[in-house]
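Structure file entry_9.txt (compact mmCIF, C-alpha atoms) is printed below.
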```
# COMPACT_ATOMS: atom_id res chain seq x y z
CA MET A 3 -0.86 29.23 -169.46
CA GLY A 4 -2.87 26.08 -170.00
CA PHE A 5 -0.19 24.81 -172.32
CA LEU A 6 2.42 24.98 -169.53
CA ARG A 7 0.24 22.77 -167.34
CA GLN A 8 0.14 19.95 -169.88
CA LYS A 9 1.86 16.78 -168.59
CA MET A 10 3.22 15.89 -172.02
CA LEU A 11 5.30 19.09 -172.05
CA TRP A 12 7.22 18.15 -168.91
CA ILE A 13 7.33 14.47 -169.78
CA GLY A 14 8.84 15.42 -173.16
CA ALA A 15 11.44 17.66 -171.47
CA LEU A 16 12.44 14.85 -169.11
CA ALA A 17 12.54 12.38 -171.99
CA VAL A 18 14.92 14.65 -173.92
CA LEU A 19 17.23 14.95 -170.92
CA LEU A 20 17.15 11.19 -170.40
CA VAL A 21 17.96 10.48 -174.06
CA LEU A 22 20.79 13.03 -174.04
CA ALA A 23 22.21 11.49 -170.86
CA ILE A 24 22.06 7.93 -172.20
CA PHE A 25 23.53 8.70 -175.60
CA GLY A 26 26.02 11.12 -174.07
CA VAL A 27 27.36 8.27 -171.98
CA ALA A 28 27.31 6.01 -175.03
CA MET A 29 29.09 8.37 -177.42
CA MET A 30 31.33 10.37 -175.06
CA GLY A 31 31.47 8.78 -171.63
CA SER A 32 33.25 5.63 -172.74
CA ILE A 33 36.10 7.52 -174.45
CA ALA A 34 36.19 10.85 -172.61
CA GLY A 35 39.70 11.62 -171.51
CA ALA A 36 41.16 8.90 -173.70
CA LYS A 37 44.96 8.95 -173.70
CA PRO A 38 47.65 6.35 -174.33
CA LYS A 39 48.81 4.19 -171.45
CA SER A 40 51.47 1.47 -171.52
CA LEU A 41 51.59 1.01 -175.30
CA PRO A 42 53.59 -2.20 -175.93
CA VAL A 43 56.70 -1.47 -178.02
CA ALA A 44 59.58 -3.84 -178.79
CA LEU A 45 63.11 -2.66 -177.99
CA VAL A 46 65.99 -4.34 -179.81
CA ALA A 47 69.38 -3.29 -178.38
CA LEU A 48 72.04 -4.85 -180.61
CA ASP A 49 74.77 -2.25 -180.03
CA GLN A 50 78.28 -3.53 -179.35
CA PRO A 51 80.35 -1.29 -177.03
CA VAL A 52 83.65 0.06 -178.36
CA GLU A 53 86.83 1.06 -176.57
CA LEU A 54 87.88 4.71 -176.56
CA PRO A 55 91.51 5.81 -177.03
CA SER A 56 91.54 6.66 -173.34
CA GLY A 57 90.82 3.04 -172.49
CA GLU A 58 87.23 3.67 -171.43
CA THR A 59 84.26 1.88 -172.98
CA LEU A 60 81.60 3.63 -175.05
CA ALA A 61 78.22 1.84 -174.86
CA VAL A 62 75.70 4.12 -176.55
CA GLY A 63 73.09 1.38 -176.88
CA ASP A 64 73.02 0.68 -173.15
CA MET A 65 72.87 4.40 -172.42
CA MET A 66 69.91 4.94 -174.77
CA LYS A 67 68.14 1.83 -173.48
CA GLY A 68 68.48 3.02 -169.88
CA MET A 69 67.35 6.53 -170.82
CA LEU A 70 64.23 5.26 -172.61
CA GLN A 71 63.22 2.82 -169.89
CA ALA A 72 63.75 5.42 -167.17
CA ASN A 73 61.58 8.01 -168.93
CA SER A 74 58.28 7.69 -167.06
CA GLN A 75 56.68 10.39 -169.20
CA LEU A 76 56.60 8.09 -172.21
CA PRO A 77 53.33 6.06 -172.09
CA ILE A 78 55.20 3.05 -173.44
CA HIS A 79 55.70 -0.43 -172.06
CA TRP A 80 59.06 -1.61 -173.39
CA GLU A 81 59.41 -5.28 -174.32
CA THR A 82 63.08 -6.17 -174.76
CA VAL A 83 63.65 -8.71 -177.54
CA ASN A 84 66.86 -10.27 -178.83
CA SER A 85 66.69 -9.61 -182.56
CA GLU A 86 65.00 -7.58 -185.24
CA ALA A 87 63.44 -10.76 -186.63
CA GLU A 88 61.81 -11.46 -183.25
CA ALA A 89 60.49 -7.91 -183.13
CA ARG A 90 59.01 -8.20 -186.61
CA GLU A 91 57.39 -11.48 -185.65
CA GLY A 92 55.78 -9.70 -182.71
CA LEU A 93 54.54 -6.98 -185.03
CA ASP A 94 53.02 -9.63 -187.32
CA SER A 95 51.24 -11.27 -184.37
CA GLN A 96 49.97 -7.87 -183.15
CA LYS A 97 51.92 -7.93 -179.88
CA TYR A 98 53.52 -4.51 -180.45
CA TYR A 99 52.38 -1.19 -181.89
CA GLY A 100 55.95 -0.47 -182.90
CA ALA A 101 59.59 -1.36 -182.44
CA LEU A 102 62.88 0.46 -181.93
CA VAL A 103 66.04 -1.21 -183.27
CA LEU A 104 69.42 0.04 -182.01
CA PRO A 105 71.99 -1.38 -184.49
CA GLU A 106 75.23 -3.17 -183.66
CA ASP A 107 77.40 -0.31 -184.94
CA LEU A 108 75.69 2.46 -182.96
CA SER A 109 78.65 3.06 -180.60
CA ALA A 110 81.13 2.55 -183.44
CA GLY A 111 79.28 5.13 -185.51
CA ILE A 112 79.47 7.68 -182.69
CA LEU A 113 83.19 7.02 -182.37
CA THR A 114 83.72 7.80 -186.07
CA LEU A 115 82.52 11.35 -185.46
CA GLN A 116 86.10 12.16 -184.47
CA SER A 117 87.45 10.87 -187.78
CA PRO A 118 87.67 12.74 -191.12
CA ALA A 119 85.03 10.34 -192.56
CA PRO A 120 82.15 10.01 -190.05
CA LYS A 121 79.80 7.04 -190.58
CA PRO A 122 76.72 7.50 -188.40
CA ALA A 123 74.70 4.38 -187.61
CA VAL A 124 71.06 3.92 -188.61
CA VAL A 125 68.41 3.48 -185.91
CA GLN A 126 65.17 1.89 -187.10
CA VAL A 127 61.69 2.89 -185.93
CA LEU A 128 58.98 0.42 -186.99
CA ALA A 129 55.30 1.41 -186.78
CA ASN A 130 52.58 -1.26 -186.90
CA GLU A 131 49.96 0.77 -188.74
CA GLY A 132 47.54 -2.07 -189.44
CA MET A 133 47.17 -2.89 -185.75
CA SER A 134 46.02 0.65 -184.93
CA THR A 135 46.74 3.79 -186.91
CA GLN A 136 46.05 5.88 -183.83
CA ALA A 137 48.46 3.97 -181.58
CA SER A 138 51.18 3.45 -184.20
CA THR A 139 51.17 7.15 -185.08
CA ALA A 140 51.50 8.04 -181.41
CA VAL A 141 54.38 5.56 -181.00
CA ARG A 142 56.16 6.85 -184.09
CA GLN A 143 55.89 10.46 -182.89
CA MET A 144 57.07 9.60 -179.36
CA LEU A 145 60.01 7.54 -180.59
CA GLY A 146 60.97 10.23 -183.08
CA GLN A 147 61.00 12.84 -180.33
CA ALA A 148 62.96 10.53 -178.01
CA MET A 149 65.57 9.94 -180.71
CA LYS A 150 65.95 13.70 -181.23
CA MET A 151 66.58 14.16 -177.52
CA ALA A 152 69.04 11.27 -177.47
CA GLY A 153 70.82 12.65 -180.53
CA ALA A 154 71.14 16.07 -178.92
CA GLU A 155 72.61 14.52 -175.78
CA LEU A 156 75.07 12.40 -177.77
CA SER A 157 76.11 15.44 -179.82
CA LYS A 158 76.79 17.33 -176.63
CA GLN A 159 78.89 14.51 -175.18
CA ALA A 160 80.79 13.97 -178.43
CA LEU A 161 81.51 17.68 -178.72
CA THR A 162 82.86 17.74 -175.17
CA MET A 163 85.02 14.68 -175.87
CA ILE A 164 86.40 16.10 -179.12
CA GLY A 165 86.83 19.55 -177.65
CA SER A 166 89.14 18.17 -174.99
CA GLN A 167 91.49 17.02 -177.74
CA THR A 168 91.41 19.92 -180.23
CA ASP A 169 90.01 23.40 -180.65
CA MET A 170 89.49 23.05 -184.40
CA LEU A 171 86.75 20.87 -185.94
CA PRO A 172 86.70 19.73 -189.57
CA VAL A 173 83.58 20.69 -191.48
CA THR A 174 82.59 17.04 -191.94
CA THR A 175 82.88 16.43 -188.20
CA ALA A 176 80.84 19.51 -187.39
CA GLN A 177 78.11 18.39 -189.78
CA ALA A 178 78.12 14.87 -188.36
CA LEU A 179 77.74 16.20 -184.83
CA LEU A 180 74.39 17.69 -185.84
CA ILE A 181 73.11 14.19 -186.66
CA PRO A 182 75.10 11.65 -184.60
CA PHE A 183 72.92 8.84 -185.95
CA GLU A 184 70.26 8.52 -188.63
CA VAL A 185 66.67 7.48 -187.93
CA HIS A 186 64.88 5.38 -190.52
CA GLU A 187 61.12 4.99 -190.11
CA GLU A 188 59.28 2.03 -191.61
CA VAL A 189 55.56 1.31 -191.62
CA VAL A 190 54.68 -2.39 -191.40
CA HIS A 191 51.26 -3.76 -192.32
CA PRO A 192 50.23 -0.46 -193.91
CA VAL A 193 46.60 0.31 -194.56
CA GLY A 194 45.49 0.62 -198.17
CA ALA A 195 44.28 3.62 -200.11
CA ASN A 196 40.96 5.17 -199.11
CA HIS A 197 40.80 3.25 -195.85
CA ALA A 198 39.74 6.28 -193.79
CA SER A 199 43.17 6.44 -192.11
CA GLY A 200 42.93 2.83 -191.02
CA ASN A 201 39.35 3.13 -189.74
CA ALA A 202 37.83 1.10 -192.59
CA PRO A 203 37.25 -2.10 -190.54
CA GLY A 204 35.22 -0.29 -187.89
CA MET A 205 33.35 1.73 -190.50
CA LEU A 206 32.37 -1.37 -192.50
CA ILE A 207 31.26 -3.18 -189.35
CA GLN A 208 29.03 -0.26 -188.31
CA ILE A 209 27.36 -0.22 -191.72
CA LEU A 210 26.95 -3.99 -191.63
CA TRP A 211 25.39 -3.92 -188.14
CA ILE A 212 22.80 -1.36 -189.25
CA GLY A 213 22.02 -3.34 -192.41
CA CYS A 214 21.61 -6.56 -190.45
CA LEU A 215 19.40 -4.80 -187.92
CA ILE A 216 17.03 -3.65 -190.66
CA LEU A 217 17.03 -7.14 -192.17
CA SER A 218 16.32 -8.71 -188.77
CA VAL A 219 13.33 -6.47 -188.15
CA PHE A 220 11.75 -7.18 -191.52
CA LEU A 221 12.28 -10.93 -191.22
CA PHE A 222 10.87 -10.82 -187.69
CA GLN A 223 7.74 -9.12 -189.01
CA ALA A 224 7.51 -11.74 -191.76
CA LEU A 225 7.85 -14.44 -189.10
CA GLN A 226 4.94 -13.04 -187.11
CA LYS A 227 2.68 -13.18 -190.15
CA ALA A 228 3.89 -16.65 -191.14
CA VAL A 229 3.19 -18.01 -187.64
CA ASN A 230 -0.47 -17.11 -187.97
CA ALA A 231 -0.67 -19.13 -191.19
CA GLY A 232 1.40 -22.20 -190.39
CA SER A 233 4.00 -23.94 -188.27
CA ARG A 234 6.25 -21.71 -186.20
CA GLY A 235 9.14 -24.18 -186.27
CA ILE A 236 9.38 -24.22 -190.05
CA ALA A 237 8.97 -20.43 -190.16
CA ILE A 238 11.91 -19.92 -187.78
CA VAL A 239 14.13 -22.25 -189.82
CA LEU A 240 13.22 -20.31 -192.96
CA GLN A 241 13.80 -17.03 -191.09
CA GLY A 242 17.34 -18.12 -190.21
CA ALA A 243 18.13 -19.52 -193.66
CA ALA A 244 16.82 -16.44 -195.47
CA GLY A 245 18.72 -14.15 -193.10
CA LEU A 246 22.03 -15.94 -193.59
CA LEU A 247 21.62 -15.92 -197.37
CA LEU A 248 20.65 -12.26 -197.52
CA THR A 249 23.48 -11.38 -195.15
CA GLY A 250 25.94 -12.97 -197.58
CA LEU A 251 24.49 -10.96 -200.46
CA ALA A 252 24.55 -7.76 -198.39
CA SER A 253 28.18 -8.39 -197.41
CA GLY A 254 29.14 -8.85 -201.04
CA PHE A 255 27.35 -5.65 -201.99
CA LEU A 256 29.15 -3.78 -199.18
CA VAL A 257 32.55 -4.96 -200.46
CA TRP A 258 31.64 -4.00 -204.02
CA MET A 259 30.31 -0.60 -202.92
CA ALA A 260 33.42 0.19 -200.86
CA SER A 261 35.82 -0.70 -203.67
CA SER A 262 33.84 0.51 -206.70
CA TRP A 263 32.10 3.61 -205.37
CA TYR A 264 34.71 4.87 -202.93
CA GLY A 265 37.95 3.40 -204.25
CA MET A 266 38.81 1.43 -201.12
CA GLU A 267 41.87 -0.65 -201.92
CA LEU A 268 41.20 -4.30 -201.05
CA ALA A 269 44.05 -6.68 -201.84
CA ASN A 270 41.99 -9.69 -200.72
CA GLY A 271 38.39 -8.78 -201.49
CA GLY A 272 37.19 -12.38 -201.33
CA SER A 273 38.51 -12.87 -197.80
CA VAL A 274 37.03 -9.54 -196.72
CA TRP A 275 33.64 -10.64 -198.09
CA LEU A 276 33.77 -13.96 -196.23
CA MET A 277 34.69 -12.26 -192.96
CA LEU A 278 31.90 -9.71 -193.39
CA TRP A 279 29.52 -12.59 -194.11
CA LEU A 280 30.61 -14.30 -190.89
CA ALA A 281 30.26 -11.09 -188.88
CA GLY A 282 26.92 -10.28 -190.51
CA SER A 283 25.63 -13.78 -189.78
CA ALA A 284 26.60 -13.41 -186.12
CA PHE A 285 24.89 -10.00 -186.01
CA PHE A 286 21.72 -11.26 -187.69
CA LEU A 287 21.43 -14.31 -185.45
CA LEU A 288 22.03 -12.24 -182.31
CA GLN A 289 19.50 -9.60 -183.34
CA SER A 290 16.87 -12.08 -184.52
CA THR A 291 17.22 -14.15 -181.36
CA LEU A 292 16.53 -11.15 -179.15
CA LEU A 293 13.60 -10.12 -181.34
CA ASN A 294 12.12 -13.63 -181.29
CA TRP A 295 12.41 -13.93 -177.53
CA ILE A 296 11.64 -10.36 -176.43
CA GLY A 297 9.83 -8.83 -179.38
CA LEU A 298 10.21 -5.33 -180.77
CA PRO A 299 11.32 -3.90 -177.38
CA ALA A 300 14.63 -5.68 -178.08
CA MET A 301 15.31 -2.91 -180.60
CA GLY A 302 16.13 -0.61 -177.69
CA ILE A 303 18.83 -2.99 -176.48
CA LEU A 304 20.28 -3.42 -179.96
CA VAL A 305 20.36 0.32 -180.72
CA LEU A 306 22.03 1.09 -177.39
CA LEU A 307 24.57 -1.68 -177.98
CA MET A 308 25.42 -0.12 -181.33
CA PHE A 309 25.85 3.40 -179.95
CA PHE A 310 27.90 2.24 -176.97
CA SER A 311 30.17 0.17 -179.24
CA MET A 312 30.70 2.59 -182.13
CA PRO A 313 33.28 4.88 -180.43
CA LEU A 314 35.42 1.86 -179.49
CA LEU A 315 35.77 0.15 -182.85
CA ASN A 316 38.81 2.06 -184.08
CA MET A 317 40.48 2.81 -180.75
CA ALA A 318 43.39 0.94 -179.25
CA PRO A 319 42.39 -0.49 -175.85
CA GLU A 320 45.40 1.22 -174.23
CA PHE A 321 43.75 4.57 -174.98
CA LEU A 322 40.51 3.71 -173.14
CA PRO A 323 39.67 4.23 -169.47
CA GLN A 324 40.05 1.04 -167.46
CA ALA A 325 36.32 0.88 -166.70
CA THR A 326 35.51 1.00 -170.42
CA GLN A 327 38.02 -1.76 -171.13
CA ASP A 328 36.59 -4.00 -168.41
CA TRP A 329 32.87 -3.38 -168.80
CA LEU A 330 32.39 -2.76 -172.53
CA TYR A 331 35.42 -3.30 -174.76
CA SER A 332 36.07 -6.78 -173.39
CA TRP A 333 32.78 -8.26 -174.61
CA THR A 334 30.97 -6.14 -177.23
CA PRO A 335 30.50 -8.25 -180.40
CA LEU A 336 31.03 -5.29 -182.73
CA ARG A 337 34.58 -4.88 -181.41
CA PHE A 338 35.40 -8.54 -182.04
CA ALA A 339 33.97 -8.25 -185.55
CA ALA A 340 36.03 -5.13 -186.31
CA SER A 341 39.18 -6.81 -184.96
CA ALA A 342 38.53 -9.94 -187.04
CA LEU A 343 38.06 -7.82 -190.16
CA ARG A 344 41.25 -5.90 -189.34
CA ASP A 345 43.10 -9.23 -189.14
CA VAL A 346 41.94 -10.09 -192.65
CA MET A 347 42.49 -6.68 -194.23
CA TYR A 348 45.93 -5.90 -192.79
CA PHE A 349 47.42 -9.15 -191.46
CA ASP A 350 46.31 -11.75 -194.03
CA GLY A 351 43.92 -13.27 -191.50
CA TYR A 352 46.59 -13.92 -188.88
CA ALA A 353 45.35 -13.10 -185.37
CA PRO A 354 46.73 -13.40 -181.84
CA SER A 355 46.38 -16.63 -179.86
CA SER A 356 42.70 -15.92 -179.08
CA SER A 357 41.38 -15.54 -182.62
CA HIS A 358 38.75 -12.86 -183.11
CA SER A 359 37.16 -14.88 -185.91
CA ALA A 360 36.75 -17.80 -183.51
CA VAL A 361 34.73 -15.52 -181.23
CA MET A 362 32.48 -14.62 -184.16
CA TRP A 363 31.93 -18.32 -184.93
CA PHE A 364 31.05 -18.90 -181.27
CA ILE A 365 28.55 -16.01 -181.27
CA ALA A 366 26.96 -17.20 -184.52
CA GLY A 367 26.67 -20.80 -183.32
CA GLY A 368 25.36 -19.92 -179.88
CA PHE A 369 22.67 -17.57 -181.10
CA LEU A 370 21.67 -19.99 -183.87
CA VAL A 371 20.82 -22.50 -181.14
CA LEU A 372 18.91 -19.86 -179.19
CA LEU A 373 17.09 -18.76 -182.33
CA LEU A 374 15.87 -22.28 -183.03
CA ALA A 375 14.97 -22.71 -179.35
CA SER A 376 12.60 -19.73 -179.59
CA THR A 377 10.18 -22.16 -181.28
CA PHE A 378 9.22 -23.52 -177.86
CA LYS A 379 8.94 -20.12 -176.22
CA LYS A 380 6.42 -18.82 -178.70
CA GLY A 381 4.26 -21.91 -178.51
CA ARG A 382 3.30 -21.02 -174.97
CA ARG A 383 2.53 -17.41 -175.79
CA SER A 384 0.84 -17.59 -179.17
CA ASP A 385 -1.94 -15.18 -178.29
CA LYS A 386 0.49 -12.46 -177.38
CA GLY A 387 2.44 -13.11 -180.57
CA LYS A 388 -0.70 -12.65 -182.66
CA SER A 389 -1.47 -9.38 -180.94
CA ILE A 390 2.03 -8.10 -181.72
CA ALA A 391 1.69 -9.09 -185.36
CA ALA A 392 -1.71 -7.45 -185.59
CA SER A 393 -0.36 -4.19 -184.16
```
Target format structure tokens, applied to this file:
Amino acid sequence: MGFLRQKMLWIGALAVLLVLAIFGVAMMGSIAGAKPKSLPVALVALDQPVELPSGETLAVGDMMKGMLQANSQLPIHWETVNSEAEAREGLDSQKYYGALVLPEDLSAGILTLQSPAPKPAVVQVLANEGMSTQASTAVRQMLGQAMKMAGAELSKQALTMIGSQTDMLPVTTAQALLIPFEVHEEVVHPVGANHASGNAPGMLIQILWIGCLILSVFLFQALQKAVNAGSRGIAIVLQGAAGLLLTGLASGFLVWMASSWYGMELANGGSVWLMLWLAGSAFFLLQSTLLNWIGLPAMGILVLLMFFSMPLLNMAPEFLPQATQDWLYSWTPLRFAASALRDVMYFDGYAPSSSHSAVMWFIAGGFLVLLLASTFKKGRRSDKGKSIAAS
């Protein structure tokens, strides 16, 4: 019974519950209940209405456009554009997760179902896989299902229209009624082989963050010992220079390991290495700055930042709860690094108007200044610094 009265037993139980609560929020709370909302998709309605023998007008494109926009169950935000070229430009600039192109001959193709030689039109579904495999797959599935429903409705209407004119249907017409239009799916900016289903950028950034964190701790310990033997200012400059150099070497090793050991297809390995070096430099400078100013307790902040950020790296923001978007996704540096690497790997470095790589440069430059400024902070607290180094 004496064991049950020990304070450490109950303190340990409370500590376990606290850790589970914190990391539960970090790993599950930010993405719990994630579902797509208002996924931006381009809609290109090029269909030209045709006149029926009865004198009425058949406008299948307008009908399908109205049906899609009125369907509130689709978690899609339609962006109407004027041409397929404009839609593809939006896909390149990461404005849309996908696009639906209704061709000019859509109504004409439906009208040919009554003829002995039906010529169904081809509807195009474009999926922007490089932007987000998760979101583009969802868009492709939703558009495919919507096209099946539209095709069934058009088949029903065409059958009613033809049935009013004749009781006998040619075999070719009957077959064409089953598929009133064809759907062609195209993946733009596809991910390469062995890219973990498009999750490679987030995965590489997680590994890089951990590697930089280990490097930052060891260089911080080396700094503490160097301060006792010489000038702190010179030691901090050498700490930063050594960290940036080693980060470049570590980034190169990570690229080589991913491609050589695991067969990750990298069409532009040099650019990937440079972006990882930039991201790693920003990580190292951020981590080292906090360690220099706060000391080893900063590790708690850095570890929590990593665990809170990890679930977000490969998720489209439209899948996240609004609170997560506003309070975490909008500022975490790991997300910007993963997005910048995604730009390089799948979009040849082209990013939206607010470049993710520019954010990484800003982080690196800002924390470099703060790292060098830690020279003055330590000068006033040298005794405490020596005690930390001694421990």
### Message
When you count all atoms listed in the file, which of these residues is closest to Glu88 of chain A: A:Val346, A:Val52, A:Lys67, A:Ala44?
### Response
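Under the stated criterion, the closest residue is A:Ala44.
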### Message
Measuring between only C-alpha atoms, which one of A:Ile181, A:Leu206, A:Leu102, A:Leu288 shows the shortest distance to Arg90 of chain A?
### Response
A:Leu102
### Message
Taking 2 positions as the minimum chain separation for residues in the same chain, which residues sit within 12 Å of Pro38 of chain A when counting only C-alpha atoms? Answer as JSON, numbers by chain.
### Response
{"A": [33, 35, 36, 40, 41, 42, 75, 76, 77, 78, 79, 99, 136, 137, 138, 139, 140, 141, 144, 317, 318, 319, 320, 321, 322, 323, 324]}
Write a file of the selected residues as an mmCIF file, keeping the file's coordinate frame, keeping C-alpha atoms.
```cif
data_model
loop_
_atom_site.group_PDB
_atom_site.id
_atom_site.type_symbol
_atom_site.label_atom_id
_atom_site.label_comp_id
_atom_site.auth_asym_id
_atom_site.auth_seq_id
_atom_site.Cartn_x
_atom_site.Cartn_y
_atom_site.Cartn_z
ATOM 1 C CA ILE A 33 36.100 7.520 -174.450
ATOM 2 C CA GLY A 35 39.700 11.620 -171.510
ATOM 3 C CA ALA A 36 41.160 8.900 -173.700
ATOM 4 C CA SER A 40 51.470 1.470 -171.520
ATOM 5 C CA LEU A 41 51.590 1.010 -175.300
ATOM 6 C CA PRO A 42 53.590 -2.200 -175.930
ATOM 7 C CA GLN A 75 56.680 10.390 -169.200
ATOM 8 C CA LEU A 76 56.600 8.090 -172.210
ATOM 9 C CA PRO A 77 53.330 6.060 -172.090
ATOM 10 C CA ILE A 78 55.200 3.050 -173.440
ATOM 11 C CA HIS A 79 55.700 -0.430 -172.060
ATOM 12 C CA TYR A 99 52.380 -1.190 -181.890
ATOM 13 C CA GLN A 136 46.050 5.880 -183.830
ATOM 14 C CA ALA A 137 48.460 3.970 -181.580
ATOM 15 C CA SER A 138 51.180 3.450 -184.200
ATOM 16 C CA THR A 139 51.170 7.150 -185.080
ATOM 17 C CA ALA A 140 51.500 8.040 -181.410
ATOM 18 C CA VAL A 141 54.380 5.560 -181.000
ATOM 19 C CA MET A 144 57.070 9.600 -179.360
ATOM 20 C CA MET A 317 40.480 2.810 -180.750
ATOM 21 C CA ALA A 318 43.390 0.940 -179.250
ATOM 22 C CA PRO A 319 42.390 -0.490 -175.850
ATOM 23 C CA GLU A 320 45.400 1.220 -174.230
ATOM 24 C CA PHE A 321 43.750 4.570 -174.980
ATOM 25 C CA LEU A 322 40.510 3.710 -173.140
ATOM 26 C CA PRO A 323 39.670 4.230 -169.470
ATOM 27 C CA GLN A 324 40.050 1.040 -167.460
#
```
Please identify every residue of segment 286-385 of chain A that has at least one atom no farther than 7 Å from an atom of segment 221-236 of chain A, counting only C-alpha atoms, and for each give the shortest atom pair and the distance in Å to one decimal, arranged by chain then increasing number, as a Markdown table.
```
| residue | atom | partner | partner_atom | distance |
| --- | --- | --- | --- | --- |
| A:Ser290 | CA | A:Phe222 | CA | 6.9 |
| A:Leu293 | CA | A:Phe222 | CA | 6.9 |
| A:Thr377 | CA | A:Gly235 | CA | 5.5 |
```
### Message
Would you compute the distance between atom CA of Leu304 of chain A and atom CA of Gly132 of chain A? Give it in Å to one decimal.
### Response
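That distance, rounded to one decimal, is 28.9 Å.
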### Message
Could you tell me how far atom CA of Val125 of chain A sits from atom CA of Met347 of chain A, in Å to one decimal place?
### Response
29.1 Å
### Query
Given the choices A:Leu248, A:Leu292, A:Ala61, A:Met10, which gets closest to Leu210 of chain A if the distance is worked out from all atoms listed in the file?
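The shortest atom-to-atom distance to Leu210 of chain A comes from A:Leu248.
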### Query
How many Å separate atom CA of Pro313 of chain A from atom CA of Leu372 of chain A?
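Going from atom CA of Pro313 of chain A over to atom CA of Leu372 of chain A covers 28.6 Å.
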What are the closest atom pairs, with distances in Å to one decimal, for each residue of segment 181-206 of chain A lying within 12 Å of segment 153-156 of chain A, using all atoms listed in the file, rows by chain and rising residue number, as a Markdown table?
```
| residue | atom | partner | partner_atom | distance |
| --- | --- | --- | --- | --- |
| A:Ile181 | CA | A:Gly153 | CA | 6.7 |
| A:Pro182 | CA | A:Gly153 | CA | 6.0 |
| A:Phe183 | CA | A:Gly153 | CA | 6.9 |
| A:Glu184 | CA | A:Gly153 | CA | 9.1 |
| A:Val185 | CA | A:Gly153 | CA | 9.9 |
```
### Query
Which is closer to Ile238 of chain A than all the others in A:Trp295, A:Phe309, A:Phe285, A:Trp211, using only C-alpha atoms?
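Nearest to Ile238 of chain A: A:Trp295.
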### Residue nearest Pro192 of chain A - candidates A:Asp94, A:Leu215, A:Gly271, A:Val257, atoms counted: all atoms listed in the file
A:Asp94
### Query
Closest to His197 of chain A among A:Leu256, A:Leu217, A:Met266, A:Ile296, using only C-alpha atoms?
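Going through A:Leu256, A:Leu217, A:Met266, A:Ile296 one by one, the smallest distance to His197 of chain A is for A:Met266.
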### Message
Need to verify the contact set: Gln96 of chain A, 12 Å, only C-alpha atoms, exclusion of same-chain residues closer than 5 positions in sequence. Can you return it as an NGL selection string?
### Response
:A and (41-44 or 89-91 or 101 or 129-134 or 138 or 190-191 or 318 or 341 or 344-345 or 348-349 or 351-357)
### Query
For the point (67.9, 10.5, -173.9) in file coordinates, what residues are within 6 Å, counting only C-alpha atoms? Give the answer as a list in words?
Met66, Met69, Met151 and Ala152 of chain A
### Query
Which neighbours of Cys214 of chain A fall inside 10 Å, counting only C-alpha atoms, when residues of the same chain fewer than 4 positions from it are skipped, and could you give them as a VMD selection string?
chain A and resid 208 to 210 218 to 220 245 to 246 248 to 249 252 to 253 281 to 290
Can those selected residues be exported to a file as a PDB file, keeping the file's coordinate frame so that it contains C-alpha atoms?
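What ended up in result_13.pdb:
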```pdb
ATOM      1  CA  GLN A 208      29.030  -0.260-188.310  1.00  0.00           C
ATOM      2  CA  ILE A 209      27.360  -0.220-191.720  1.00  0.00           C
ATOM      3  CA  LEU A 210      26.950  -3.990-191.630  1.00  0.00           C
ATOM      4  CA  SER A 218      16.320  -8.710-188.770  1.00  0.00           C
ATOM      5  CA  VAL A 219      13.330  -6.470-188.150  1.00  0.00           C
ATOM      6  CA  PHE A 220      11.750  -7.180-191.520  1.00  0.00           C
ATOM      7  CA  GLY A 245      18.720 -14.150-193.100  1.00  0.00           C
ATOM      8  CA  LEU A 246      22.030 -15.940-193.590  1.00  0.00           C
ATOM      9  CA  LEU A 248      20.650 -12.260-197.520  1.00  0.00           C
ATOM     10  CA  THR A 249      23.480 -11.380-195.150  1.00  0.00           C
ATOM     11  CA  ALA A 252      24.550  -7.760-198.390  1.00  0.00           C
ATOM     12  CA  SER A 253      28.180  -8.390-197.410  1.00  0.00           C
ATOM     13  CA  ALA A 281      30.260 -11.090-188.880  1.00  0.00           C
ATOM     14  CA  GLY A 282      26.920 -10.280-190.510  1.00  0.00           C
ATOM     15  CA  SER A 283      25.630 -13.780-189.780  1.00  0.00           C
ATOM     16  CA  ALA A 284      26.600 -13.410-186.120  1.00  0.00           C
ATOM     17  CA  PHE A 285      24.890 -10.000-186.010  1.00  0.00           C
ATOM     18  CA  PHE A 286      21.720 -11.260-187.690  1.00  0.00           C
ATOM     19  CA  LEU A 287      21.430 -14.310-185.450  1.00  0.00           C
ATOM     20  CA  LEU A 288      22.030 -12.240-182.310  1.00  0.00           C
ATOM     21  CA  GLN A 289      19.500  -9.600-183.340  1.00  0.00           C
ATOM     22  CA  SER A 290      16.870 -12.080-184.520  1.00  0.00           C
TER      23      SER A 290
END
```
